$ cat start37.tsv   # TSV, C-alpha atoms
chain	number	residue	atom	x	y	z
A	450	MET	CA	-8.24	-0.26	-17.71
A	451	ILE	CA	-8.21	-4.02	-18.35
A	452	VAL	CA	-6.36	-5.37	-21.38
A	453	PRO	CA	-7.54	-8.82	-22.55
A	454	LEU	CA	-4.74	-10.98	-23.94
A	455	ALA	CA	-5.80	-14.09	-25.87
A	456	LEU	CA	-3.67	-17.11	-25.06
A	457	ALA	CA	-1.57	-18.48	-27.88
A	458	GLY	CA	-3.09	-21.46	-29.59
A	459	ALA	CA	-6.52	-20.96	-28.07
A	460	SER	CA	-9.37	-22.43	-30.05
A	461	PRO	CA	-12.65	-20.56	-30.65
A	462	ALA	CA	-14.26	-22.80	-28.03
A	463	ALA	CA	-11.70	-21.65	-25.50
A	464	ALA	CA	-12.55	-17.97	-25.75
A	465	SER	CA	-12.76	-17.87	-21.97
A	466	ASP	CA	-8.98	-18.53	-21.81
A	467	ALA	CA	-8.36	-14.78	-21.73
A	468	LEU	CA	-5.81	-13.10	-19.51
A	469	GLU	CA	-6.93	-9.75	-18.19
A	470	LEU	CA	-4.03	-7.51	-17.24
A	471	SER	CA	-4.36	-4.33	-15.20
A	472	GLY	CA	-2.30	-2.38	-12.73
A	473	PHE	CA	-1.19	0.97	-11.39
A	474	VAL	CA	1.88	3.00	-10.59
A	475	LYS	CA	1.73	5.36	-7.60
A	476	PRO	CA	4.73	7.58	-6.79
A	477	THR	CA	4.09	9.46	-3.54
A	478	PHE	CA	6.06	12.33	-2.01
A	479	SER	CA	5.61	13.01	1.69
A	480	ALA	CA	6.97	15.39	4.31
A	481	VAL	CA	6.21	14.62	7.97
A	482	LEU	CA	6.99	16.89	10.91
A	483	ARG	CA	6.97	15.57	14.50
A	484	PRO	CA	7.81	18.59	16.70
A	485	SER	CA	8.18	16.66	19.98
A	486	ALA	CA	10.20	13.74	18.61
A	487	LEU	CA	13.97	13.21	18.82
A	488	PRO	CA	15.92	15.46	16.43
A	489	ARG	CA	16.57	12.55	14.07
A	490	GLU	CA	12.84	11.83	13.78
A	491	GLN	CA	11.46	15.37	13.71
A	492	LEU	CA	11.42	15.77	9.92
A	493	LYS	CA	11.18	13.07	7.28
A	494	VAL	CA	11.00	14.02	3.61
A	495	GLY	CA	11.04	11.76	0.59
A	496	LEU	CA	9.30	9.17	-1.58
A	497	ALA	CA	8.50	6.94	1.39
A	498	SER	CA	5.33	5.11	0.38
A	499	SER	CA	5.47	4.83	-3.40
A	500	ALA	CA	4.10	1.60	-4.87
A	501	ALA	CA	3.18	-0.22	-8.05
A	502	GLY	CA	0.57	-2.94	-8.51
A	503	LEU	CA	-0.06	-5.55	-11.17
A	504	THR	CA	-3.12	-7.80	-11.50
A	505	PHE	CA	-3.48	-10.94	-13.61
A	506	GLN	CA	-6.93	-12.48	-13.79
A	507	GLY	CA	-8.98	-14.55	-16.15
A	508	GLN	CA	-11.38	-17.44	-16.70
A	509	PRO	CA	-9.55	-20.46	-18.15
A	510	LEU	CA	-12.62	-22.67	-17.68
A	511	GLU	CA	-16.32	-22.02	-17.55
A	512	GLN	CA	-17.35	-21.11	-13.99
A	513	TRP	CA	-13.71	-20.92	-12.84
A	514	ARG	CA	-11.72	-17.72	-12.38
A	515	TYR	CA	-8.36	-16.79	-10.93
A	516	LYS	CA	-6.74	-13.58	-9.71
A	517	VAL	CA	-3.14	-12.74	-8.85
A	518	PHE	CA	-2.41	-9.27	-7.47
A	519	PHE	CA	1.09	-8.01	-6.61
A	520	VAL	CA	1.99	-4.72	-4.95
A	521	VAL	CA	5.68	-3.75	-4.91
A	522	GLY	CA	7.21	-1.05	-2.74
A	523	SER	CA	4.35	-0.42	-0.32
A	524	GLN	CA	5.83	-2.43	2.56
A	525	THR	CA	9.54	-2.45	3.44
A	526	PHE	CA	11.40	-3.49	6.56
A	527	PRO	CA	15.05	-3.27	7.74
A	528	ALA	CA	16.73	-6.61	7.02
A	529	LEU	CA	19.93	-7.65	8.81
A	530	VAL	CA	22.72	-8.07	6.25
A	531	SER	CA	25.83	-8.34	8.47
A	532	ALA	CA	26.93	-8.64	12.09
A	533	ARG	CA	30.33	-8.70	13.81
A	534	VAL	CA	31.60	-8.75	17.37
A	535	VAL	CA	33.90	-5.97	18.60
A	536	ASP	CA	36.51	-6.14	21.38
A	537	THR	CA	37.23	-2.45	22.03
A	538	ASP	CA	39.85	-2.92	24.81
A	539	ASN	CA	41.60	-6.05	23.42
A	540	ASP	CA	40.95	-8.10	26.57
A	541	GLY	CA	39.51	-11.06	24.70
A	542	ALA	CA	35.92	-10.34	25.73
A	543	VAL	CA	33.19	-9.16	23.41
A	544	ASP	CA	32.19	-5.59	24.22
A	545	ARG	CA	29.49	-5.06	21.61
A	546	VAL	CA	27.97	-6.38	18.42
A	547	GLU	CA	27.87	-4.14	15.36
A	548	THR	CA	25.19	-4.77	12.77
A	549	SER	CA	24.14	-3.27	9.47
A	550	SER	CA	20.79	-3.49	7.76
A	551	SER	CA	19.22	-2.65	4.45
A	552	GLY	CA	15.65	-2.03	3.33
A	553	ALA	CA	13.90	-5.11	1.96
A	554	LEU	CA	10.51	-5.68	0.38
A	555	GLY	CA	7.77	-7.03	2.60
A	556	ASP	CA	4.99	-9.30	1.45
A	557	ILE	CA	4.26	-8.23	-2.14
A	558	VAL	CA	1.39	-10.71	-2.72
A	559	ARG	CA	-1.96	-9.06	-1.98
A	560	GLU	CA	-4.17	-11.71	-3.58
A	561	THR	CA	-3.77	-15.13	-5.15
A	562	SER	CA	-7.22	-16.68	-5.37
A	563	VAL	CA	-9.28	-19.18	-7.32
A	564	SER	CA	-13.06	-18.72	-7.63
A	565	TRP	CA	-15.87	-21.05	-8.56
A	566	VAL	CA	-18.76	-19.03	-9.99
A	567	PRO	CA	-21.71	-21.30	-10.81
A	568	SER	CA	-24.08	-18.31	-11.19
A	569	SER	CA	-23.96	-14.53	-11.30
A	570	GLY	CA	-25.10	-14.24	-7.69
A	571	PHE	CA	-22.89	-16.86	-6.05
A	572	ARG	CA	-19.14	-17.37	-5.74
A	573	ILE	CA	-16.77	-19.45	-3.63
A	574	ARG	CA	-13.27	-18.00	-3.46
A	575	THR	CA	-10.18	-19.51	-1.81
A	576	GLY	CA	-6.55	-18.43	-1.45
A	577	ARG	CA	-4.97	-15.23	-0.19
A	578	MET	CA	-7.28	-12.23	-0.35
A	579	PRO	CA	-8.47	-9.11	1.50
A	580	VAL	CA	-10.71	-9.90	4.48
A	581	PRO	CA	-13.97	-7.99	3.77
A	582	PHE	CA	-14.55	-7.02	7.41
A	583	THR	CA	-14.94	-3.28	6.67
A	584	SER	CA	-16.17	-1.30	3.68
A	585	ALA	CA	-12.66	0.17	3.26
A	586	ALA	CA	-11.15	-3.32	3.00
A	587	GLN	CA	-13.44	-3.96	0.02
A	588	SER	CA	-12.24	-0.85	-1.85
A	589	ALA	CA	-9.53	-1.41	-4.44
A	590	ASP	CA	-6.20	0.38	-3.98
A	591	VAL	CA	-6.90	2.47	-7.09
A	592	ALA	CA	-10.39	3.43	-5.86
A	593	LEU	CA	-9.49	5.05	-2.52
A	594	LEU	CA	-10.51	8.63	-1.83
A	595	PHE	CA	-7.18	9.34	-0.09
A	596	PRO	CA	-3.70	7.96	-0.86
A	597	ASP	CA	-4.17	5.49	2.05
A	598	ARG	CA	-7.00	3.91	4.01
A	599	ALA	CA	-8.19	5.58	7.21
A	600	GLY	CA	-6.06	5.15	10.34
A	601	PRO	CA	-8.81	3.45	12.41
A	602	ASN	CA	-9.31	0.83	9.68
A	603	ASP	CA	-5.61	-0.09	9.77
A	604	LEU	CA	-5.68	-0.44	13.57
A	605	PHE	CA	-8.49	-3.00	13.52
A	606	LEU	CA	-7.48	-5.13	10.55
A	607	ALA	CA	-4.53	-5.94	8.33
A	608	ASP	CA	-6.66	-6.82	5.37
A	609	ASP	CA	-4.86	-9.76	3.65
A	610	ASP	CA	-5.10	-13.37	4.82
A	611	LEU	CA	-5.30	-16.97	3.62
A	612	GLY	CA	-8.75	-18.50	3.70
A	613	ALA	CA	-11.99	-19.36	1.92
A	614	LEU	CA	-14.97	-17.08	1.31
A	615	ILE	CA	-18.55	-17.67	0.20
A	616	GLU	CA	-20.14	-14.64	-1.49
A	617	ALA	CA	-23.83	-14.47	-2.33
A	618	GLY	CA	-25.90	-11.66	-3.81
A	619	ALA	CA	-29.60	-11.18	-4.45
A	620	ILE	CA	-32.11	-8.75	-5.97
A	621	GLY	CA	-29.78	-7.46	-8.66
A	622	GLY	CA	-26.83	-6.89	-6.33
A	623	GLU	CA	-28.83	-4.85	-3.81
A	624	VAL	CA	-28.12	-7.44	-1.08
A	625	ALA	CA	-24.68	-8.99	-0.59
A	626	MET	CA	-23.62	-11.52	2.03
A	627	LYS	CA	-20.16	-12.91	2.70
A	628	THR	CA	-19.04	-15.58	5.12
A	629	GLY	CA	-15.70	-17.29	5.40
A	630	VAL	CA	-12.83	-18.75	7.42
A	631	PHE	CA	-9.25	-17.45	7.49
A	632	ASN	CA	-5.95	-18.23	9.19
A	633	GLY	CA	-6.20	-15.15	11.40
A	634	SER	CA	-2.94	-13.41	10.47
A	635	GLY	CA	-5.01	-10.43	9.29
A	636	THR	CA	-5.80	-9.56	12.92
A	637	GLY	CA	-2.17	-9.49	14.01
A	638	ALA	CA	-1.89	-13.03	15.43
A	639	SER	CA	1.70	-14.30	15.48
A	640	GLY	CA	3.13	-17.60	14.29
A	641	SER	CA	2.98	-19.06	17.84
A	642	GLU	CA	-0.83	-18.86	17.89
A	643	ARG	CA	-3.28	-21.36	16.39
A	644	GLY	CA	-6.95	-20.83	15.63
A	645	VAL	CA	-9.36	-20.22	12.76
A	646	LEU	CA	-10.89	-16.79	12.16
A	647	TYR	CA	-14.60	-16.72	11.26
A	648	LEU	CA	-16.04	-13.82	9.25
A	649	ALA	CA	-19.55	-12.64	8.35
A	650	ARG	CA	-20.39	-9.51	6.35
A	651	PHE	CA	-23.73	-8.12	5.18
A	652	ASP	CA	-24.25	-5.18	2.79
A	653	LEU	CA	-27.53	-3.64	1.69
A	654	GLN	CA	-27.92	-1.16	-1.20
A	655	PRO	CA	-31.65	-0.29	-1.22
A	656	LEU	CA	-31.42	2.16	-4.16
A	657	GLY	CA	-29.47	-0.16	-6.44
A	658	ALA	CA	-26.01	-1.70	-6.71
A	659	PHE	CA	-23.39	0.56	-5.13
A	660	SER	CA	-19.73	-0.31	-5.68
A	661	PHE	CA	-17.10	0.16	-2.98
A	662	ASP	CA	-15.20	2.75	-5.02
A	663	GLU	CA	-14.65	5.61	-2.58
A	664	THR	CA	-14.52	8.10	-5.42
A	665	ASN	CA	-16.78	7.86	-8.48
A	666	PRO	CA	-17.56	9.88	-11.61
A	667	LEU	CA	-20.69	12.02	-11.56
A	668	ARG	CA	-23.74	9.85	-10.92
A	669	THR	CA	-27.20	10.18	-12.36
A	670	GLU	CA	-28.95	8.31	-9.53
A	671	PRO	CA	-28.48	8.50	-5.73
A	672	ARG	CA	-26.98	5.47	-3.98
A	673	VAL	CA	-27.00	4.23	-0.37
A	674	GLY	CA	-24.94	1.45	1.18
A	675	ILE	CA	-25.48	0.02	4.67
A	676	GLY	CA	-23.17	-2.69	5.98
A	677	ALA	CA	-22.05	-4.63	9.04
A	678	GLY	CA	-19.16	-7.02	9.62
A	679	LEU	CA	-18.35	-9.48	12.40
A	680	ILE	CA	-15.14	-11.36	13.19
A	681	TRP	CA	-14.73	-14.09	15.79
A	682	HIS	CA	-11.20	-15.38	16.26
A	683	PRO	CA	-10.82	-18.04	18.98
A	684	TYR	CA	-7.22	-19.22	19.21
A	685	ARG	CA	-4.64	-20.72	21.56
A	686	ALA	CA	-1.29	-19.10	22.34
A	687	PHE	CA	1.75	-21.33	22.97
A	688	ASP	CA	4.99	-20.74	24.85
A	689	GLY	CA	8.47	-20.90	23.33
A	690	VAL	CA	8.70	-24.66	23.87
A	691	GLY	CA	5.34	-25.40	22.26
A	692	PHE	CA	3.01	-25.99	25.19
A	693	PRO	CA	-0.37	-24.20	25.35
A	694	ARG	CA	-0.26	-21.04	27.43
A	695	LEU	CA	-3.77	-19.57	27.22
A	696	GLN	CA	-7.01	-19.50	25.22
A	697	ILE	CA	-8.00	-16.19	23.59
A	698	ASN	CA	-11.29	-15.03	22.10
A	699	ASP	CA	-11.10	-11.99	19.85
A	700	LEU	CA	-14.40	-10.39	18.75
A	701	ARG	CA	-14.54	-7.46	16.32
A	702	GLY	CA	-17.48	-5.66	14.78
A	703	SER	CA	-17.97	-2.93	12.18
A	704	VAL	CA	-20.91	-0.91	10.87
A	705	SER	CA	-20.83	1.37	7.84
A	706	LEU	CA	-22.97	3.85	5.94
A	707	ARG	CA	-22.14	5.07	2.44
A	708	LEU	CA	-23.94	7.76	0.46
A	709	GLY	CA	-23.51	8.81	-3.15
A	710	LEU	CA	-25.30	11.64	-4.99
A	711	ALA	CA	-24.04	13.12	-8.27
A	712	GLY	CA	-20.34	13.82	-7.57
A	713	LEU	CA	-20.68	13.66	-3.76
A	714	THR	CA	-19.52	10.54	-1.89
A	715	LEU	CA	-19.74	10.23	1.89
A	716	SER	CA	-18.64	7.28	4.06
A	717	LEU	CA	-18.96	6.64	7.80
A	718	GLU	CA	-17.65	3.58	9.61
A	719	GLY	CA	-17.57	2.51	13.26
A	720	LEU	CA	-15.37	-0.27	14.68
A	721	HIS	CA	-15.22	-2.10	18.01
A	722	ARG	CA	-13.07	-4.84	19.49
A	723	TYR	CA	-13.46	-6.99	22.62
A	724	GLN	CA	-10.80	-9.59	23.43
A	725	PHE	CA	-10.59	-11.76	26.53
A	726	ASP	CA	-8.40	-14.71	27.56
A	727	SER	CA	-8.35	-17.60	30.01
A	728	LEU	CA	-5.53	-16.19	32.16
A	729	THR	CA	-6.30	-12.58	33.04
A	730	ALA	CA	-9.50	-10.84	34.09
A	731	ARG	CA	-8.67	-7.76	32.02
A	732	PRO	CA	-10.26	-7.74	28.55
A	733	ILE	CA	-8.79	-5.71	25.71
A	734	VAL	CA	-11.38	-3.20	24.53
A	735	ALA	CA	-10.93	-0.76	21.65
A	736	SER	CA	-13.20	1.47	19.58
A	737	GLY	CA	-12.75	3.60	16.50
A	738	ALA	CA	-14.61	5.50	13.82
A	739	TYR	CA	-14.04	7.71	10.82
A	740	VAL	CA	-16.01	9.83	8.39
A	741	GLN	CA	-14.76	10.90	4.99
A	742	GLY	CA	-16.20	12.62	1.96
A	743	GLY	CA	-15.35	13.96	-1.46
A	744	TRP	CA	-17.21	16.13	-3.96
A	745	ARG	CA	-16.26	15.49	-7.59
A	746	LEU	CA	-16.88	18.74	-9.46
A	747	PRO	CA	-17.47	18.99	-13.23
A	748	SER	CA	-14.11	20.79	-13.42
A	749	ALA	CA	-12.39	17.45	-12.51
A	750	VAL	CA	-11.36	18.78	-9.09
A	751	GLU	CA	-12.49	16.92	-5.96
A	752	PRO	CA	-12.18	18.51	-2.49
A	753	ILE	CA	-11.77	15.74	0.10
A	754	GLY	CA	-11.81	15.55	3.89
A	755	ARG	CA	-11.55	12.88	6.58
A	756	LEU	CA	-11.76	12.75	10.37
A	757	GLY	CA	-10.82	9.60	12.30
A	758	TRP	CA	-10.74	8.60	15.97
A	759	ALA	CA	-9.54	5.54	17.87
A	760	ALA	CA	-9.36	4.62	21.56
A	761	GLU	CA	-7.10	1.62	22.22
A	762	ASP	CA	-6.95	-0.48	25.40
A	763	ARG	CA	-9.93	1.33	26.88
A	764	SER	CA	-10.28	-1.12	29.79
A	765	PHE	CA	-6.87	-0.47	31.37
A	766	ALA	CA	-4.63	2.22	29.82
A	767	PRO	CA	-6.63	4.17	27.23
A	768	ARG	CA	-4.72	5.68	24.34
A	769	THR	CA	-6.73	8.04	22.16
A	770	THR	CA	-5.68	9.13	18.68
A	771	LEU	CA	-7.31	11.65	16.36
A	772	TRP	CA	-6.62	11.94	12.63
A	773	THR	CA	-7.46	15.06	10.60
A	774	GLU	CA	-6.95	15.02	6.83
A	775	GLY	CA	-7.96	17.25	3.95
A	776	GLY	CA	-6.96	18.17	0.42
A	777	ILE	CA	-7.94	17.84	-3.22
A	778	ASN	CA	-7.90	15.24	-5.98
A	779	ILE	CA	-7.37	16.30	-9.60
A	780	TYR	CA	-8.36	14.10	-12.57
A	781	PRO	CA	-6.43	15.22	-15.70
A	782	ALA	CA	-8.19	12.65	-17.94
A	783	PHE	CA	-11.72	13.44	-16.74
A	784	GLY	CA	-12.64	15.02	-20.07
A	785	ASN	CA	-11.72	11.92	-22.08
A	786	GLU	CA	-14.47	10.70	-24.40
A	787	ASP	CA	-13.86	7.13	-23.22
A	788	GLU	CA	-15.52	7.06	-19.79
A	789	SER	CA	-13.50	4.01	-18.74
A	790	LEU	CA	-10.31	6.09	-18.88
A	791	ARG	CA	-11.50	9.12	-16.90
A	792	ASP	CA	-10.30	7.81	-13.52
A	793	ASN	CA	-7.01	6.35	-14.78
A	794	VAL	CA	-4.99	9.40	-13.74
A	795	ARG	CA	-5.37	11.10	-10.36
A	796	MET	CA	-3.21	13.61	-8.53
A	797	SER	CA	-3.75	14.07	-4.78
A	798	PHE	CA	-2.49	16.86	-2.54
A	799	VAL	CA	-3.32	16.13	1.10
A	800	TYR	CA	-2.60	17.38	4.60
A	801	GLN	CA	-2.43	14.57	7.18
A	802	GLY	CA	-2.51	15.23	10.92
A	803	GLU	CA	-2.09	12.58	13.62
A	804	HIS	CA	-2.77	13.71	17.18
A	805	ARG	CA	-2.00	11.32	20.05
A	806	LEU	CA	-4.18	12.95	22.65
A	807	THR	CA	-3.15	10.71	25.57
A	808	GLU	CA	0.57	11.31	25.06
A	809	GLY	CA	0.14	14.95	24.01
A	810	GLU	CA	2.05	14.42	20.75
A	811	SER	CA	1.19	15.41	17.19
A	812	ALA	CA	2.53	14.85	13.69
A	813	HIS	CA	1.80	16.93	10.60
A	814	GLY	CA	2.32	15.69	7.06
A	815	ALA	CA	1.97	16.89	3.49
A	816	VAL	CA	1.45	14.26	0.80
A	817	ALA	CA	1.53	14.60	-2.97
A	818	SER	CA	0.53	11.45	-4.83
A	819	LEU	CA	0.12	10.57	-8.50
A	820	ILE	CA	-1.64	7.35	-9.46
A	821	LEU	CA	-1.71	6.09	-13.04
A	822	GLY	CA	-3.88	3.07	-13.78
A	823	PHE	CA	-3.62	0.89	-16.86
$ encode --input "start37.tsv" --output "structure tokens"
Amino acid sequence: MIVPLALAGASPAAASDALELSGFVKPTFSAVLRPSALPREQLKVGLASSAAGLTFQGQPLEQWRYKVFFVVGSQTFPALVSARVVDTDNDGAVDRVETSSSGALGDIVRETSVSWVPSSGFRIRTGRMPVPFTSAAQSADVALLFPDRAGPNDLFLADDDLGALIEAGAIGGEVAMKTGVFNGSGTGASGSERGVLYLARFDLQPLGAFSFDETNPLRTEPRVGIGAGLIWHPYRAFDGVGFPRLQINDLRGSVSLRLGLAGLTLSLEGLHRYQFDSLTARPIVASGAYVQGGWRLPSAVEPIGRLGWAAEDRSFAPRTTLWTEGGINIYPAFGNEDESLRDNVRMSFVYQGEHRLTEGESAHGAVASLILGF
């Protein structure tokens, strides 16, 4: 739900100076079992991936919009808080260094962008934003079918980056094209690498506009979405002193098919990567794919399932991973007379399996998630 807040002192002519506020809270309980891991890592239980998001957006001037989106709690890392040297045998020499760390928040800014919208079918957006390389990257956090995006999608793209994007649509939203340039941090490039990432994305909805919500209320008309994305990231890697070490070309492609009929939503996506450099003759090749679906029943219960596969480093030391997931979503507010509120509450109960076929290791998880949008 979006709450418009009129700015104090706004004149009638400045009606566009509205602040739209929305967000979500998502506590998540998980239990993960890794039978072949070390005893300390075999069982993890707790609220490990809970998060909350807050979005501020508005149109302070005609044709100009802004969006600021924060997510807190979804990414943490161990931060070093103290370190001391220890001389265990009192001989004046340092025997070891003892450190302590504490959990700290990662990057909480998901999007800070400014858009120029001269017409309903054209927009230029710049700032930090998701890179729309895949269909999953274009789905909002509150519109995912599962508590998290598919494993193959996360392997091929970290979906936030700084850049500029041109978005154009035609024929009532049935055709959408996006092209842009980004810093490249969304593909995992480190701070010692320099080069611009180029993106192109095309989406076709021949039966009418089809949003990227992975789960939707019951539809009255069937919908089809066909899409393809391409990333080219040429960059130079430097050594520790600052001299160029090698030139790298990273190419990534994606194709997707989405289907929607009544309460049934089905998504398929394939991904491929080919990276080569100026030093070695061994390219990095990886492939992945996933299929997921959900069936929203009139009883406000939605059975869901997902199967994912990825093969990393196929050219030299292949590592194959298989994901199997299934469960149900429950919508307590689905009977609300206000249709805009029906998806604001969702409870998910999901089994998540990760099977590393090359290493012969598996992990099994149970996830219970509650998401409340406002």
$ residues_around --input "start37.tsv" --residues "range 576-578 of chain A" --least-positions-apart "6" --cutoff "8 Å" --atoms "all atoms listed in the file" --output "ChimeraX atom specification"
/A:559-563,608-613
$ closest_residue --input "start37.tsv" --among "A:Val624, A:Leu746, A:Ile615, A:Leu646" --to "Gly674 in chain A" --atoms "all atoms listed in the file"
A:Val624
$ closest_residue --input "start37.tsv" --among "A:Glu623, A:Glu810, A:Glu469, A:Glu663" --to "Arg514 in chain A" --atoms "all atoms listed in the file"
A:Glu469
$ residues_near_point --input "start37.tsv" --point "(-14.6, -7.4, 6.1)" --cutoff "9 Å" --atoms "only C-alpha atoms" --output "list in words"
Pro579, Val580, Pro581, Phe582, Thr583, Ser584, Ala585, Ala586, Gln587, Leu606, Asp608, Lys627, Leu648, Ala649, Arg650, Ala677, Gly678, Leu679, Ile680 and Ser703 of chain A
$ atom_distance --input "start37.tsv" --atom1 "CA of Pro781 in chain A" --atom2 "CA of His813 in chain A"
27.6 Å
$ residues_around --input "start37.tsv" --residues "Thr770 in chain A" --least-positions-apart "6" --cutoff "8 Å" --atoms "all atoms listed in the file" --output "list in words"
Trp758, Ala759, Ala760, Glu803, His804, Arg805, Leu806 and Thr807 of chain A
$ write_last_selection --input "start37.tsv" --atoms "C-alpha atoms" --output "PDB file, in the coordinates of the input"
ATOM      1  CA  TRP A 758     -10.740   8.600  15.970  1.00  0.00           C
ATOM      2  CA  ALA A 759      -9.540   5.540  17.870  1.00  0.00           C
ATOM      3  CA  ALA A 760      -9.360   4.620  21.560  1.00  0.00           C
ATOM      4  CA  GLU A 803      -2.090  12.580  13.620  1.00  0.00           C
ATOM      5  CA  HIS A 804      -2.770  13.710  17.180  1.00  0.00           C
ATOM      6  CA  ARG A 805      -2.000  11.320  20.050  1.00  0.00           C
ATOM      7  CA  LEU A 806      -4.180  12.950  22.650  1.00  0.00           C
ATOM      8  CA  THR A 807      -3.150  10.710  25.570  1.00  0.00           C
TER       9      THR A 807
END
$ residues_around --input "start37.tsv" --residues "Ser569 in chain A" --least-positions-apart "5" --cutoff "10 Å" --atoms "all atoms listed in the file" --output "ChimeraX atom specification"
/A:512,617-619,621-622
$ atom_distance --input "start37.tsv" --atom1 "CA of Leu819 in chain A" --atom2 "CA of Phe595 in chain A"
11.2 Å
$ residues_around --input "start37.tsv" --residues "Tyr723 in chain A" --least-positions-apart "5" --cutoff "7 Å" --atoms "all atoms listed in the file" --output "ChimeraX atom specification"
/A:699-701,732-735
$ atom_distance --input "start37.tsv" --atom1 "CA of Val630 in chain A" --atom2 "CA of Gly702 in chain A"
15.7 Å
$ closest_residue --input "start37.tsv" --among "A:Asp603, A:Phe765, A:Leu728, A:Gly822" --to "Leu790 in chain A" --atoms "only C-alpha atoms"
A:Gly822
$ residues_near_point --input "start37.tsv" --point "(-3.6, -7.6, -6.8)" --cutoff "9 Å" --atoms "all atoms listed in the file" --output "list in words"
Gly472, Gly502, Leu503, Thr504, Phe505, Lys516, Val517, Phe518, Phe519, Val520, Val558, Arg559, Glu560, Thr561, Met578, Ala589 and Asp590 of chain A
$ write_last_selection --input "start37.tsv" --atoms "C-alpha atoms" --output "compact mmCIF listing (two decimals), in the frame of the given file"
# COMPACT_ATOMS: atom_id res chain seq x y z
CA GLY A 472 -2.30 -2.38 -12.73
CA GLY A 502 0.57 -2.94 -8.51
CA LEU A 503 -0.06 -5.55 -11.17
CA THR A 504 -3.12 -7.80 -11.50
CA PHE A 505 -3.48 -10.94 -13.61
CA LYS A 516 -6.74 -13.58 -9.71
CA VAL A 517 -3.14 -12.74 -8.85
CA PHE A 518 -2.41 -9.27 -7.47
CA PHE A 519 1.09 -8.01 -6.61
CA VAL A 520 1.99 -4.72 -4.95
CA VAL A 558 1.39 -10.71 -2.72
CA ARG A 559 -1.96 -9.06 -1.98
CA GLU A 560 -4.17 -11.71 -3.58
CA THR A 561 -3.77 -15.13 -5.15
CA MET A 578 -7.28 -12.23 -0.35
CA ALA A 589 -9.53 -1.41 -4.44
CA ASP A 590 -6.20 0.38 -3.98
$ closest_residue --input "start37.tsv" --among "A:Leu715, A:Ala815, A:Ile777, A:Val690" --to "Ala480 in chain A" --atoms "only C-alpha atoms"
A:Ala815
$ residues_around --input "start37.tsv" --residues "Ala711 in chain A" --least-positions-apart "2" --cutoff "12 Å" --atoms "only C-alpha atoms" --output "list of chain:residue names"
A:Thr664, A:Asn665, A:Pro666, A:Leu667, A:Arg668, A:Thr669, A:Glu670, A:Pro671, A:Arg672, A:Leu708, A:Gly709, A:Leu713, A:Thr714, A:Leu715, A:Gly743, A:Trp744, A:Arg745, A:Leu746, A:Pro747
$ closest_residue --input "start37.tsv" --among "A:Gly522, A:Gly742, A:Gly629, A:Gly757" --to "Leu593 in chain A" --atoms "only C-alpha atoms"
A:Gly742
